[in-house]
Each structure stands twice: as C-alpha cells, then as structure tokens.
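Novice: Below you'll find the structure I mean.
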2 protein chains.
Amino acid sequence: MDTASAPLVAPAARAASAADLTPLAIGATTLDATGELGAWQRLNREATIPHVVERLETSGVMDNLRRLVGESDADYRGFNFADSDLHKTLEAIAWEAARVPDDQPWEQFTRDAIALLNKVQEPNGYLYSHVQSGKFQGPWEDMRWGHELYVLGHLVQAAVARSRATGNDDLLEVARRFADLAVELFGPDCERPDGYGGHPEIETALVELYRHTGEKKYLDATVAMLERRGHGALGQGPFESVYHQDHLPVREAREAAGHAVRQLYLAAGIADVAAETDDAELADVLEDLWASAHGTKEYITGGMGSRHKDESFGDPFELPPDRSYAETCASISSLHWNWRMLLATGRAKHADAMERALYNGIASSTSLDGTRFLYSNPLQLRSDHDGSSEYQPSERLDWFACACCPPNLARLVASLGAYVATGTETDARLHLYAAGEVRLGATTLKVTTDYPWDGRITVEVSGPLESLALRVPAWSHDATLTVDGSTSAATADEDGYVRASVHDGSTVVLDLPMPAELMVPHPRVDAVRGTVAIQRGPVVHCIETVDAPEGVVLEDVRIDASEAPRVGPALEDIRAGATVIATGVVRPATHVPLGTSLRLTDVAAKDPDPVQFDLRAVPYARWANRGQGAMRVWIPVDEGR
Amino acid sequence: MDTASAPLVAPAARAASAADLTPLAIGATTLDATGELGAWQRLNREATIPHVVERLETSGVMDNLRRLVGESDADYRGFNFADSDLHKTLEAIAWEAARVPDDQPWEQFTRDAIALLNKVQEPNGYLYSHVQSGKFQGPWEDMRWGHELYVLGHLVQAAVARSRATGNDDLLEVARRFADLAVELFGPDCERPDGYGGHPEIETALVELYRHTGEKKYLDATVAMLERRGHGALGQGPFESVYHQDHLPVREAREAAGHAVRQLYLAAGIADVAAETDDAELADVLEDLWASAHGTKEYITGGMGSRHKDESFGDPFELPPDRSYAETCASISSLHWNWRMLLATGRAKHADAMERALYNGIASSTSLDGTRFLYSNPLQLRSDHDGSSEYQPSERLDWFACACCPPNLARLVASLGAYVATGTETDARLHLYAAGEVRLGATTLKVTTDYPWDGRITVEVSGPLESLALRVPAWSHDATLTVDGSTSAATADEDGYVRASVHDGSTVVLDLPMPAELMVPHPRVDAVRGTVAIQRGPVVHCIETVDAPEGVVLEDVRIDASEAPRVGPALEDIRAGATVIATGVVRPATHVPLGTSLRLTDVAAKDPDPVQFDLRAVPYARWANRGQGAMRVWIPVDEGR
C-alpha cells in the first residue's frame, strides 16, 4: 500500500512550491459519522454503494461483459461507455476498503468482476464491451464518439485505487494491459491526427498511473494526446468541435466551452500534466480557464453547464436558474480540477470552490436515503413544471439511462477524506472542515466541528506539529483564531490561510461567524436580475412550496431584502443542521392581465399591505425531499415599497 | 380559379357566425410596394424566391428527386423532409402567379418540377424521395420520424395554391394521387394505432383539399388521424411523446407543449377540423391552447419555443431572451393558426397576434436584401457570444442544413394579401393595415397608410359597401375614427373592432396614436425581471452595440425607465420608418468583483453621476444588419437613483 499517495492527486514532488501541500494517503483521515461529511460517507457505504452495485446488474452493465464470454445471452444495453459504471464502482469500493479496511463487504464482488474482466479482455489488452459485442463499430474506429479511452481512464483509476487501498494489483494488471495498448497506439509516435479521446478522462488516469508505477511512458502518452487535441481532427457529428474541446489547441483554448463535464475532466488532466512537466504555459492556460469557468460560468451552487442543448457551458454570465443543467458529474469534475489547482498553487480559492460544489451542487444530487439521484441540478423548478425526467427533474430518480453520476458520486464520497488536509507531521494545512481525525506521521489532528452548520472548528494537536494553516473561506468575515487560549483576528495570508504556531497538546479554534446573508447576482447575470439568494457559510439555500403559506403559489413569493435574514432552527426531517428565516411577501399574479408583456403604464399599483410571512429557506442540497413542489434559489426582491 | 377561396382559410360557410369574415381570394388584394408589407412582397419576389429556387439546386433537393429517375447520380442529401422545400417553394410561386398574373417568371421551373414529380411518383401515388432512395426505411415504416405525411401536406398546399392561382390542376393531380393513397391507408378504416404523422401538417392540407375539391373523404381522414393521435402509439426515440404531441389525446391536450412548430401546425389543423365539423369541444380545446401559448409562452416578438433542446415550448413563463429559440417557422405557423382562430371567432386578438409575429419574429428572419435568414430568432445576443450557427445565430445565414424556414417565409409573404381583410362587397372588415387596395365584388377599398411606422389609416370606399369594421389593436389607446369628416373615439366592440357606416365615396380615417412605450414583463417571466422593452405600435424594438457610445459594452447599458421614450427619426440604412430614443445610462461592470454571485452588503455604491446618453432603439426585425455586435430587446432598468 502506497501511503505516500492519495487518490487523484499530484505527488509531493509536484505539489506546488509549498512543501506543506503534500497530499495524504486515503487512510490518513477518519471522518466522524457525527459530522456532515462523515455521515455522508456512512450513507454512501450503507446505501449508495449497495444500490449502485445492484444497478450494475439490473441496468445490464455486468451482462454486457458476461455475454462476451458466454455467460449471458442478453443484448448489449446502455450507452457505449456503460463499462465505466462498473469501473467507477470498483474505485468507490477500493476507497471504502482503504477507509474501513477491517470490513470489506464487496471484496468478493470485486474479485468476481476482475475475473470477468480478465476473461473478457482480449490478448492485446483491449477491453471495451461495446465494441467487443461486435454489433457496432470496430476498435478505435470512432475516436470522437467511441469511449474506449474514457472507459480505460476509469479502469485505470479503479485499479490504482485498489492497488493503493489494498496492495492487491489484480485489477492493475488488467488495467495496465489495456493502458499499454493505448500508449502503444496513441503515444508520441502515433500518426493518427485523431489519436485522442472525444471524452477526456484518460489524461488524469494515465498521469496517476505514471505516479503509481513510475513508468514515464504513461505521462508521455498523455502529453502527446493533449497536444494532438484541438485541431478538429475528431470531426463533427451531431455536435460541433467545441463540444469535444476539439475547436482550439489546448494551449489556445482559454475559455471554458463545450460539454461541461468533458471540459472539466480535460482541465483536470491539463493540471496533472502541467504539474508533472512544470509547464508554465499550461499553468497559465489553467488560470484563464479557471477565471472563465468560475468567474463567469459557475452557478452559486457550484454547478456548471448552463445549457441542456449539448450539456454545455453557455456564454459568459448565461446562467438561467430554471434551465441550469448543472450535471452532477460537472460539479464532481470541478472539484477534481480544483483539488489539482489547490495542490499546484496553494490558494484557498480552490478549496472554496471545492466546498461550494460539495455542499450544494454535489450534495443536492442525492436523496436522504442515498438511493435516488439528480443528474441535472436546476436552481429553480416552477409550480407547473411539465413532468419530470432524467434531464429535467422535479424529483430524484433511482437510476438513469445515462448513469454516469451515481457511481461517480460513490467514488467521490468514499474518497472525501483525502481532500480534507495536506502536509507533514510538522507542517499541516486544513482545507475542508469536518469532524474527524487527520494523521500525519506521528502527528494527529482531532477536529471537532458541526461544520457547515456551525462555524467553530476546534483542532486538538498531538505530536510534533509546529505549524497549522487553516483556510479562511472567502465567504467569511470577522473570523477569529484562538491558539491555546489566545484569541486574535484570523487574518488570512494572500493565499487565503491563517497560520498558527502550535506544539504537542495545542488547541486551535477557528471561529467563522455564519450569519445568513443575502447574495446578489453579478449585474451581467441577466437571468436572475432583481433577485437575491440566501447563503450561510458555504451552504446555499432555497425556498420550496412546502414552506410557503397554505395555498400560496411559490412564484408569487417575494423577499423583503431590506431586512437581514436570520438563522432558523434545524430541520431534522431533511437533516438540515440549520435553516434561514427571511421576510416573505406574497404578491399574487392573479391581478395581472393575461400575456407575457404588459404596458408599464398599465401595471396596477401594488397592494400597499401585502401578506407578509416568515419565509423559511432550507439548504439547497435538501430540496425535493418533502413531496413535489416548486423550488427556487434566487428569490425575487419585493419592490412594493 | 376559385375566387371564393383563399390560401389556407375556412370557406365562407364555416367562417364564424359573422358573415363578414368571408376570406378573400388571393388576387383580391393588392399591396402597394410603397408600404411595408407591399415592399416585403416585392423583396420576396425579387430576391427571396429566386434565392430559394437556386438553393433547391445547390442543397440537393432537386437531385434527390432526379436520381430516382436516372437524371442524377448524387447521393441523397438533407433531412428526410427535403422534398417539402420544393413544395413550399412551388406554393410561394403559385401565390405570386395569383398576385402578379401577367408576369410569371417561374412557370417553366414549375412545369419542369411537376414533370419530374410525375416521373418520380410511384404508380400507387407514393412520392417521397427519402424512402424512394432505397437507402433508408420503407414506405410508412416510421410514422414517428418519417415525414411522408408532412411532405404530402406541403405538396397538397402547393397544388391547391397553383390550382386556385392559375386554374392549372397539373400539380393537383400529382398531389391527389398521393393524398388518395394516404387517405386509403390512414382514413377512418385504418387499424394502425400509429396511423398519423409525427410532424403535423397533413391536417390543414387535407382539410384545404376537401374545401377545394368538395371530397369529404379528405376531411374524414383528417378527423380520423386527429382522433388517433395522443395515445403514444408513435413510440419514443430520442424524443419523448410530447415532442410529437403524442402524449395526450387531442381533446385532452390543453397546454401548448413539445416541439413548437409541430404544436402550432397541429393547432391550425384542429382549428380547420373544428370549423368544418362544428365541433364545440375542439373549439374549447383551441381556446385553452391559445391561452397557454399566447398567455404564458409567447415572446413579445411573437416568437414561440423557449428551448433549444427539442425545439420545444417550455414551462409557462419560461421565456429566456438569450436562449429563445423562437424558430421562424413557429412564428409563421402561429400566424396560420391565429388566422383560422380569427375566422372562427371574429376576435381581433387573433389579428393582434398575427401582426405581432409578422412585424417582429417573422420579419426579423430576413436580411435587408432578402437572401439571408435566421432560423432561431433570439431576443438577446451577448457581446461575447461564442460563435454563430444555424441554431445560435449572431448573424443571418444564406441557407440552413434544416432549410424549412426560408421557403416557408416565401410562401407566407407571397400570400400576405389574403390576410388583410375579409368580407363582402357590402360588409367588410380590415384586420391588417397596409397601403394597397382590397377588392370585394363591386366594392374597392383604397387603403393609404405608412403603417406600422405611422398609425393613420385612410380608407377610401368606392362601390356598394355599407359597413366597414376596422381592428383597434390591443396596443392602441385613444384611437379616433373619422368617417366622412366626422371624428369620434374609436371605441372597439367586444371583438375588438370599430364599425363605420359607409357608402360609395366615403372616406374613413382610423387614427391610432403611436407613442413609444415601455413594456414590462409579466411578473412570472423570471428571465427578464427588472427590465423593460420598447414597443411602438406593433413594432418591438431592440438596442444594438452599434448605437451605444464608442467603447461601451452593451451589457453595461441601462435604461432610465422614469422617462418616457420618444419617437426618433427614420433610419434609412435599415429601412426603419421610425426609431425610438430613450435615456440610456452606462453602468460599467468593471468595478464588480470576479464571480457570478456577490454578497449584497459588499456591492459597491453606484456611481451617483453615471454617463447618460440618447439610447437609440431600432425595430427588432432589423437587428444584425449593421455588422456584428450585441443586441437586446429587454433592457435592464437603471436602479441607480
């Protein structure tokens, strides 16, 4: 077991100039199930992973493989990348094996799956059931839409996870045979202009394989594929080149564009290559991509992808709340990318971005019981929304035709501990705040907190730690730091961290005041002009029909933005550690004439004495858990007085 | 030539309770080329139709047919409904033959095309080059996506138009052979649950064929296909049943839903059947559909279809300006539907809807020179829009992969005269105001007006006319009517018309004051909250980068809504008979921090003395004719003071 590495991270040598950004091994962190993230991990283990494993059977993923060795006569089912559902699940299981090594309920499933993969794998290493079914195109015939490299990427990530978590290289052997084939075909000597994948993913995977094995050919092949991309060699089908990030060479494509998940996986791959090759130009590309994505194309929930059409990014500031696509996998891949940016730059803004996505756009994707999911995560659902589907949900579904998200979620949640902290036994840094324990060599950090519901984080140090840096989130104001009883303002350095000098036995308390606050959209976000959103700490809130007065249509609800909202009580039935209460105003539209536009001079004077009520806002992540109804994050401001 | 009929209209017997809604023959109206609509007809004749005829060659439409009789070896090109491009063009040419009978430049083209169609047509009447190519599916195999009935519908409409316009039934014979086959297969005795078309269009066509020939089997087949629809028998492919209006039986589907053009063609077909069968329930369905479409899903430009995804209607009040799909064909089919509703009900609101679409969402689709087109008609284009395409235009294109719109436009514009008036030589009604002449038997109405740039309409009567009703548009206030020198308030009756008693030699002047007015969105239209639009008469305006002060980004422009805008001078270079000047305010976003959401309390105080300027707004229909730049219809209101 390689304790010096962690999932999907750059190794120490590559991790920024600051040596304290050494990533931790997956087993180095324990998140308490009493805390928000720890509880999520338990739910993931007890409900989500078993559900996903079951759906691998019912959705046909396992049969797609079995029929190739005569163990099933079912037709091929699902999209051509269906194998990746299995691979992501195996990765989730591997991280669980590292997290809870003394209880591995899916080891037999894993071994059976690996045995099956071994049987299905062709002598040259090829392993992609869609093509092997013989019903569609041949191997590597369709680099644009064929997902061989994408599926290989997930296989490699699962294999590295299993090797690191358990020391067992059985899956790694399978993955390397396939990876070696790909490297041979698409490495630096490849003469095919289209020798790269339509759906990025292989990039992060091969760099990780390089880190895990030390074999540089995997890195070289990744660089070759990256540089080959962007000259349009994939051609265009139903989608334009930008959909596949094939419209501009990687070094020139500086705006987040096209299919959001593809763009974000690609950005993560670029970050890995930039780190491993010390490529300053690529680092500069990443800064531009980040400014584009996070500065102009990110929802307040951390969601990305404004368009249903082509599942793509939109123009800058094109951020419709009702048609926000905000695929769960986009938020997950944004987190992956920001983790790499954090390691490379040491800047807290990347951890801020990770927690925004984590507590909002990612957390929203799962039901309270962990077995129903959102693929798209809209910021508004109207009262009379026309039905529900995978892509336009009014409720969570237990599986999808395109089932990329649930197993992606499972692998992320199982590995959450790895993102909490970095460092060494003398110099540590906390990025995400979660109750639990972080072990760095001889040092242990015991973290006590009810984050994100409360902003107090207490860290008890045991061991030789000398310096502890704590992230001061950009959302916080007036934070204080108490080190061994001495309190001062928690003034962040330019990277966004406050540093405490500590010793064995020290107690450090970071207090992040968490008032409920009104947020306004950037003036160029046309779609939510005249509205405010409610945020408390990293948690974005929403309002739902169930919390409006009886009979009130949610579209008629306004908010009195002249009054600061206040923190409300917890709401146990949706496991919200806190809620927010604002002043709501009912402005019925019933008096407005029929039609979508009205003469300004004809608009009736507003009711001078409208119904006011305590408007309860709940964490966005918990919406749609109390029956069907309307929801909105951005609430129209009452203009009535 | 059947002078008692007109394009796409119900015959006199069916035209509402009011006898004065008798539709006119196509040749009964002459629109002066000095007026807006007449000039458009001239442009259509001189530029658009020649362009379309040429593109039938270059896009492969003619070769698709020729190869079936050995006259071409080109591959099949275009969508499966490519034949309909030819049929719509033949219809446009036919209306031109009626409009300008002594100059028919396309008669030889028409005869050649009909000869070709005769040769291609199979002995049983089948005529659909996509299937006949033998490369795809067989006849009638795919009722969901195969467009046989759609293409037949356009063939029938072209044939009826040619028969009415020229008395020549050569095309009608071709169309009837194919129609008879369809009636035999899909008439009342058809036992196929999916015996109807995925893309409505056949309905209006067969009812028109019934009117033209008197053969009731065409009506009966239409009724049978309508009633069969909506039980999901078409099945689902990439699209759900609602896309094809197959989710609910026609009598139950009361919300405008699914693919917008399909929905609107279907609604027109329902209106034809309701009129011909005196079906009160269908009439009630139409009222509900209309309230849904026009009350909650119509753009201020008359555009419909809020979603790029599936080219579909959205939820009620889901009307994004930047992602408005608003396909040209949707506005055209809305006009067709409203014309039928007008004839059936006599209510001016339907003519209001027609003119809203005509002067805005339809007119916008064509360039000044008549040879470049918009498929989608957005209400906002950002400064940094990412490229231009058929579906996300930043400029007009000279043809489309899906070329339904240009020939649809050609046939509409050629037939515009038919929509201007209804009535008899003693009792007439004016619906659309255009300079020209309307002939009703022994009565002639000479109309002088600079509408829509000026609201004065003068009608000189010669002949035995006794009553003249004039539409008082819903947008107008304080209209006056002067009959033979005597002026009074033009008070509309409950249908929206003001009636004048007249005699031979009377002069009637309707004065519709046309101030420039600020419009606000219905409070449920979230996407344009906090903005106003400028409308003058029926003309919706927009602002463009080219009219902003040098260096000002259009997204930074606000409007001072406390001041009424004023009418501005004509702008000859875009053929705008008037413009509007409002007070613009520049509010640069440069001081706003990076990010898409900001803490309300962190937002900087606004510049108390911002740059103000005369903000010129131009007719929306004329946007994108002065170089590339941003555009918006809905302008953010300045909140700075």
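Labeling convention for the structure tokens: chains A, B, ... as they appear, residues from 1 per chain, ligands from 1 in order of appearance.
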Excluding Met354 (chain A) and residues on its chain fewer than 6 positions from it, collect all residues at most 10 Å away from it, counting only C-alpha atoms, and give them as a PyMOL selection string.

Specialist: chain A and resi 302+331-339+342+348+362+419+431-432

Novice: Show me, as a PyMOL selection string, the residues that have an atom within 12 Å of region 486-489 of chain B when counting only C-alpha atoms, minus same-chain residues fewer than 6 positions from it.

Specialist: chain B and resi 472+477-480+498-502+506-513

Novice: Write a file of the selected residues as a short mmCIF file (atom, residue, chain, number, x, y, z; two decimals), in the first residue's frame, keeping all heavy atoms.

Specialist:
data_model
loop_
_atom_site.label_atom_id
_atom_site.label_comp_id
_atom_site.auth_asym_id
_atom_site.auth_seq_id
_atom_site.Cartn_x
_atom_site.Cartn_y
_atom_site.Cartn_z
N VAL B 472 -59.16 47.60 -33.87
CA VAL B 472 -58.50 48.51 -32.94
C VAL B 472 -57.51 47.66 -32.15
O VAL B 472 -57.91 46.88 -31.29
CB VAL B 472 -59.50 49.19 -31.99
CG1 VAL B 472 -58.78 50.17 -31.07
CG2 VAL B 472 -60.59 49.90 -32.79
N HIS B 477 -54.27 53.04 -27.66
CA HIS B 477 -55.11 53.79 -26.73
C HIS B 477 -55.51 55.08 -27.41
O HIS B 477 -54.74 55.63 -28.20
CB HIS B 477 -54.34 54.10 -25.44
CG HIS B 477 -54.30 52.96 -24.49
ND1 HIS B 477 -54.68 53.04 -23.17
CD2 HIS B 477 -53.94 51.66 -24.69
CE1 HIS B 477 -54.54 51.87 -22.59
NE2 HIS B 477 -54.08 51.01 -23.48
N ASP B 478 -56.69 55.58 -27.09
CA ASP B 478 -57.13 56.90 -27.57
C ASP B 478 -57.23 56.96 -29.09
O ASP B 478 -56.98 58.02 -29.70
CB ASP B 478 -56.16 58.00 -27.08
CG ASP B 478 -55.99 57.96 -25.57
OD1 ASP B 478 -57.00 57.71 -24.86
OD2 ASP B 478 -54.86 58.15 -25.09
N ALA B 479 -57.60 55.84 -29.69
CA ALA B 479 -57.78 55.85 -31.14
C ALA B 479 -59.02 56.67 -31.50
O ALA B 479 -59.98 56.73 -30.74
CB ALA B 479 -57.93 54.42 -31.64
N THR B 480 -58.98 57.29 -32.66
CA THR B 480 -60.16 58.02 -33.15
C THR B 480 -60.51 57.53 -34.54
O THR B 480 -59.66 57.04 -35.29
CB THR B 480 -59.91 59.54 -33.21
OG1 THR B 480 -58.80 59.79 -34.09
CG2 THR B 480 -59.60 60.09 -31.83
N VAL B 498 -63.91 48.50 -34.51
CA VAL B 498 -64.79 49.66 -34.53
C VAL B 498 -65.48 49.66 -35.90
O VAL B 498 -64.86 49.37 -36.93
CB VAL B 498 -64.02 50.97 -34.27
CG1 VAL B 498 -62.96 51.22 -35.33
CG2 VAL B 498 -64.98 52.15 -34.16
N ARG B 499 -66.76 49.95 -35.89
CA ARG B 499 -67.52 49.80 -37.13
C ARG B 499 -67.96 51.17 -37.65
O ARG B 499 -68.42 52.01 -36.88
CB ARG B 499 -68.76 48.91 -36.89
CG ARG B 499 -69.51 48.51 -38.14
CD ARG B 499 -70.57 47.47 -37.80
NE ARG B 499 -70.01 46.21 -37.36
CZ ARG B 499 -69.68 45.20 -38.18
NH1 ARG B 499 -69.86 45.33 -39.49
NH2 ARG B 499 -69.18 44.09 -37.72
N ALA B 500 -67.81 51.37 -38.95
CA ALA B 500 -68.24 52.62 -39.59
C ALA B 500 -69.32 52.31 -40.61
O ALA B 500 -69.20 51.36 -41.38
CB ALA B 500 -67.06 53.28 -40.29
N SER B 501 -70.35 53.13 -40.57
CA SER B 501 -71.36 53.02 -41.63
C SER B 501 -70.88 53.87 -42.80
O SER B 501 -70.58 55.06 -42.62
CB SER B 501 -72.72 53.55 -41.13
OG SER B 501 -73.22 52.67 -40.14
N VAL B 502 -70.83 53.29 -43.96
CA VAL B 502 -70.22 54.00 -45.10
C VAL B 502 -71.10 53.84 -46.34
O VAL B 502 -72.09 53.10 -46.34
CB VAL B 502 -68.81 53.44 -45.39
CG1 VAL B 502 -67.88 53.72 -44.23
CG2 VAL B 502 -68.89 51.94 -45.69
N SER B 506 -67.30 57.19 -49.48
CA SER B 506 -66.91 57.52 -48.10
C SER B 506 -65.39 57.48 -47.93
O SER B 506 -64.69 56.71 -48.60
CB SER B 506 -67.51 56.51 -47.11
OG SER B 506 -68.86 56.82 -46.85
N THR B 507 -64.92 58.31 -47.00
CA THR B 507 -63.53 58.22 -46.57
C THR B 507 -63.52 57.97 -45.06
O THR B 507 -64.16 58.71 -44.31
CB THR B 507 -62.77 59.52 -46.89
OG1 THR B 507 -62.75 59.69 -48.30
CG2 THR B 507 -61.34 59.44 -46.36
N VAL B 508 -62.83 56.94 -44.68
CA VAL B 508 -62.75 56.57 -43.26
C VAL B 508 -61.29 56.69 -42.83
O VAL B 508 -60.40 56.17 -43.51
CB VAL B 508 -63.24 55.13 -43.04
CG1 VAL B 508 -63.10 54.72 -41.59
CG2 VAL B 508 -64.70 54.99 -43.51
N VAL B 509 -61.07 57.40 -41.73
CA VAL B 509 -59.71 57.53 -41.22
C VAL B 509 -59.65 57.00 -39.79
O VAL B 509 -60.36 57.49 -38.90
CB VAL B 509 -59.23 59.00 -41.23
CG1 VAL B 509 -57.79 59.09 -40.70
CG2 VAL B 509 -59.35 59.59 -42.62
N LEU B 510 -58.84 55.99 -39.62
CA LEU B 510 -58.59 55.48 -38.27
C LEU B 510 -57.24 56.03 -37.82
O LEU B 510 -56.23 55.86 -38.51
CB LEU B 510 -58.56 53.95 -38.27
CG LEU B 510 -58.26 53.27 -36.92
CD1 LEU B 510 -59.36 53.55 -35.90
CD2 LEU B 510 -58.08 51.77 -37.11
N ASP B 511 -57.26 56.71 -36.69
CA ASP B 511 -56.01 57.27 -36.16
C ASP B 511 -55.62 56.49 -34.91
O ASP B 511 -56.31 56.55 -33.88
CB ASP B 511 -56.18 58.75 -35.81
CG ASP B 511 -55.63 59.64 -36.91
OD1 ASP B 511 -54.46 59.44 -37.29
OD2 ASP B 511 -56.39 60.51 -37.38
N LEU B 512 -54.52 55.80 -35.00
CA LEU B 512 -54.01 55.03 -33.85
C LEU B 512 -52.76 55.75 -33.35
O LEU B 512 -51.70 55.67 -33.98
CB LEU B 512 -53.64 53.61 -34.29
CG LEU B 512 -54.77 52.79 -34.94
CD1 LEU B 512 -54.19 51.49 -35.52
CD2 LEU B 512 -55.85 52.48 -33.92
N PRO B 513 -52.88 56.50 -32.26
CA PRO B 513 -51.68 57.17 -31.74
C PRO B 513 -50.59 56.14 -31.47
O PRO B 513 -50.87 55.04 -30.99
CB PRO B 513 -52.17 57.83 -30.44
CG PRO B 513 -53.65 57.95 -30.60
CD PRO B 513 -54.06 56.76 -31.42
#

Novice: Kindly assemble as a Markdown table a list of the chain B residues that lie within 7 Å of chain A, each paired with its nearest atom pair and their distance in Å to one decimal, using only C-alpha atoms, sorted first by chain and then by ascending residue number.

Specialist:
| residue | atom | partner | partner_atom | distance |
| --- | --- | --- | --- | --- |
| B:His294 | CA | A:Gly595 | CA | 6.4 |
| B:Gly295 | CA | A:Gly595 | CA | 4.1 |
| B:Thr296 | CA | A:Thr596 | CA | 5.8 |
| B:Glu298 | CA | A:Thr596 | CA | 6.6 |
| B:Tyr299 | CA | A:Thr596 | CA | 7.0 |
| B:Ile300 | CA | A:Ser597 | CA | 6.2 |
| B:His308 | CA | A:Lys309 | CA | 6.2 |
| B:Lys309 | CA | A:Lys309 | CA | 5.0 |
| B:Asp315 | CA | A:His385 | CA | 5.6 |
| B:Asp384 | CA | A:Asp315 | CA | 6.9 |
| B:His385 | CA | A:Asp315 | CA | 5.6 |
| B:Asp386 | CA | A:Asp315 | CA | 6.2 |
| B:Leu518 | CA | A:Leu600 | CA | 5.6 |
| B:Met519 | CA | A:Arg599 | CA | 4.4 |
| B:Val520 | CA | A:Leu598 | CA | 5.3 |
| B:Pro521 | CA | A:Ser597 | CA | 4.4 |
| B:His522 | CA | A:Thr596 | CA | 5.0 |
| B:Pro523 | CA | A:Ala589 | CA | 6.9 |
| B:Arg524 | CA | A:Glu555 | CA | 6.6 |
| B:Asp526 | CA | A:Ala527 | CA | 7.0 |
| B:Ala527 | CA | A:Ala527 | CA | 4.4 |
| B:Val528 | CA | A:Ala527 | CA | 6.4 |
| B:Arg529 | CA | A:Arg529 | CA | 6.0 |
| B:Gly530 | CA | A:Gly530 | CA | 5.6 |
| B:Glu555 | CA | A:Arg524 | CA | 6.6 |
| B:Ala589 | CA | A:Pro523 | CA | 6.9 |
| B:Leu594 | CA | A:Gly295 | CA | 5.2 |
| B:Gly595 | CA | A:Gly295 | CA | 4.1 |
| B:Thr596 | CA | A:His522 | CA | 5.0 |
| B:Ser597 | CA | A:Pro521 | CA | 4.4 |
| B:Leu598 | CA | A:Val520 | CA | 5.3 |
| B:Arg599 | CA | A:Met519 | CA | 4.4 |
| B:Leu600 | CA | A:Met519 | CA | 5.0 |

Novice: Could you write out, as a VMD selection string, all the residues of region 344-547 of chain A that DSSP marks as helix (DSSP H, G or I)?

Specialist: chain A and resid 344 to 345 348 to 365 405 to 414 416 to 419 526 to 528 545 to 547

Novice: Can you work out the spacing between CA of Pro610 (chain A) and CA of Arg632 (chain A) in Å, to one decimal?

Specialist: 20.9 Å

Novice: Rounded to one decimal place, report the CA of Ala268 (chain B)-CA of Glu437 (chain B) distance in Å.

Specialist: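 Going from CA of Ala268 (chain B) over to CA of Glu437 (chain B), I get 27.8 Å.
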
Novice: At a cut-off of 8 Å, using only C-alpha atoms, what residues contact Glu91 (chain B)? Leave out same-chain residues fewer than 6 positions from it and give the result as a list in words.

Specialist: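 Here the qualifying residues turn out to be Gln157, Ala158, Ala159, Ala161, Arg162 and Arg411 of chain B.
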
Novice: Mind writing the picked residues with C-alpha atoms as a compact mmCIF listing (two decimals), in the first residue's frame?

Specialist:
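Ended up saving to again_13.txt:
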# COMPACT_ATOMS: atom_id res chain seq x y z
CA GLN B 157 -50.96 23.01 -50.21
CA ALA B 158 -48.78 23.84 -53.19
CA ALA B 159 -51.17 22.05 -55.52
CA ALA B 161 -52.46 27.13 -54.40
CA ARG B 162 -51.49 26.50 -58.02
CA ARG B 411 -44.98 31.27 -49.32

Novice: Env of Lys88 (chain A): 12 Å cut, atoms = only C-alpha atoms, seq-sep filter 6 positions within chain, self excluded. Answer as a count of residues only.

Specialist: 34

Novice: Which is closer to Leu117 (chain B) than all the others in B:Glu173, B:Asp352, B:Glu287, B:Asp484, using only C-alpha atoms?

Specialist: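 For Leu117 (chain B), the nearest of the given residues is B:Glu173.
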
Novice: Env of Asp547 (chain B): 8 Å cut, atoms = only C-alpha atoms, seq-sep filter 6 positions within chain, self excluded. Answer as a PDB file with N, CA and C atoms, in the first residue's frame.

Specialist:
ATOM      1  N   LEU B 615     -30.226  56.851 -26.004  1.00  0.00           N
ATOM      2  CA  LEU B 615     -30.167  55.432 -26.357  1.00  0.00           C
ATOM      3  C   LEU B 615     -31.117  55.182 -27.524  1.00  0.00           C
ATOM      4  N   ARG B 616     -30.554  54.879 -28.667  1.00  0.00           N
ATOM      5  CA  ARG B 616     -31.418  54.623 -29.818  1.00  0.00           C
ATOM      6  C   ARG B 616     -31.839  53.167 -29.855  1.00  0.00           C
ATOM      7  N   ALA B 617     -33.128  52.957 -29.990  1.00  0.00           N
ATOM      8  CA  ALA B 617     -33.663  51.611 -30.169  1.00  0.00           C
ATOM      9  C   ALA B 617     -34.210  51.509 -31.586  1.00  0.00           C
TER      10      ALA B 617
END

Novice: Using only C-alpha atoms, pick whichever of A:Arg566, A:His147, A:Arg558, A:Arg536 has the shortest atom-to-atom distance to Gly584 (chain A).

Specialist: A:Arg558

Novice: Give me, please, the distance in Å between CA of Gly640 (chain A) and CA of Pro549 (chain A), quoted to one decimal.

Specialist: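 It comes out at 19.4 Å.
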
Novice: Which residues, written as a short mmCIF file (atom, residue, chain, number, x, y, z; two decimals) with N, CA, C and O atoms, in the first residue's frame, have at least one atom at most 6 Å from Ser376 (chain B), with only C-alpha atoms counted and residues fewer than 4 positions away on the same chain left out?

Specialist:
data_model
loop_
_atom_site.label_atom_id
_atom_site.label_comp_id
_atom_site.auth_asym_id
_atom_site.auth_seq_id
_atom_site.Cartn_x
_atom_site.Cartn_y
_atom_site.Cartn_z
N TYR B 325 -35.55 30.20 -28.57
CA TYR B 325 -35.34 29.50 -29.83
C TYR B 325 -36.14 30.24 -30.91
O TYR B 325 -35.61 30.68 -31.90
N ALA B 326 -37.45 30.38 -30.65
CA ALA B 326 -38.28 31.24 -31.48
C ALA B 326 -38.02 31.02 -32.97
O ALA B 326 -37.70 31.95 -33.71
N GLU B 327 -38.16 29.77 -33.36
CA GLU B 327 -37.92 29.42 -34.76
C GLU B 327 -38.84 30.23 -35.68
O GLU B 327 -40.01 30.43 -35.38
N TYR B 391 -28.49 27.50 -35.28
CA TYR B 391 -29.37 27.46 -34.12
C TYR B 391 -29.03 28.51 -33.08
O TYR B 391 -29.82 28.76 -32.17
#

Novice: Write out as a count of residues only each polymer residue whose atoms come within 7 Å of Pro619 (chain B), counting only C-alpha atoms; drop sequence neighbours fewer than 5 positions from it.

Specialist: 6
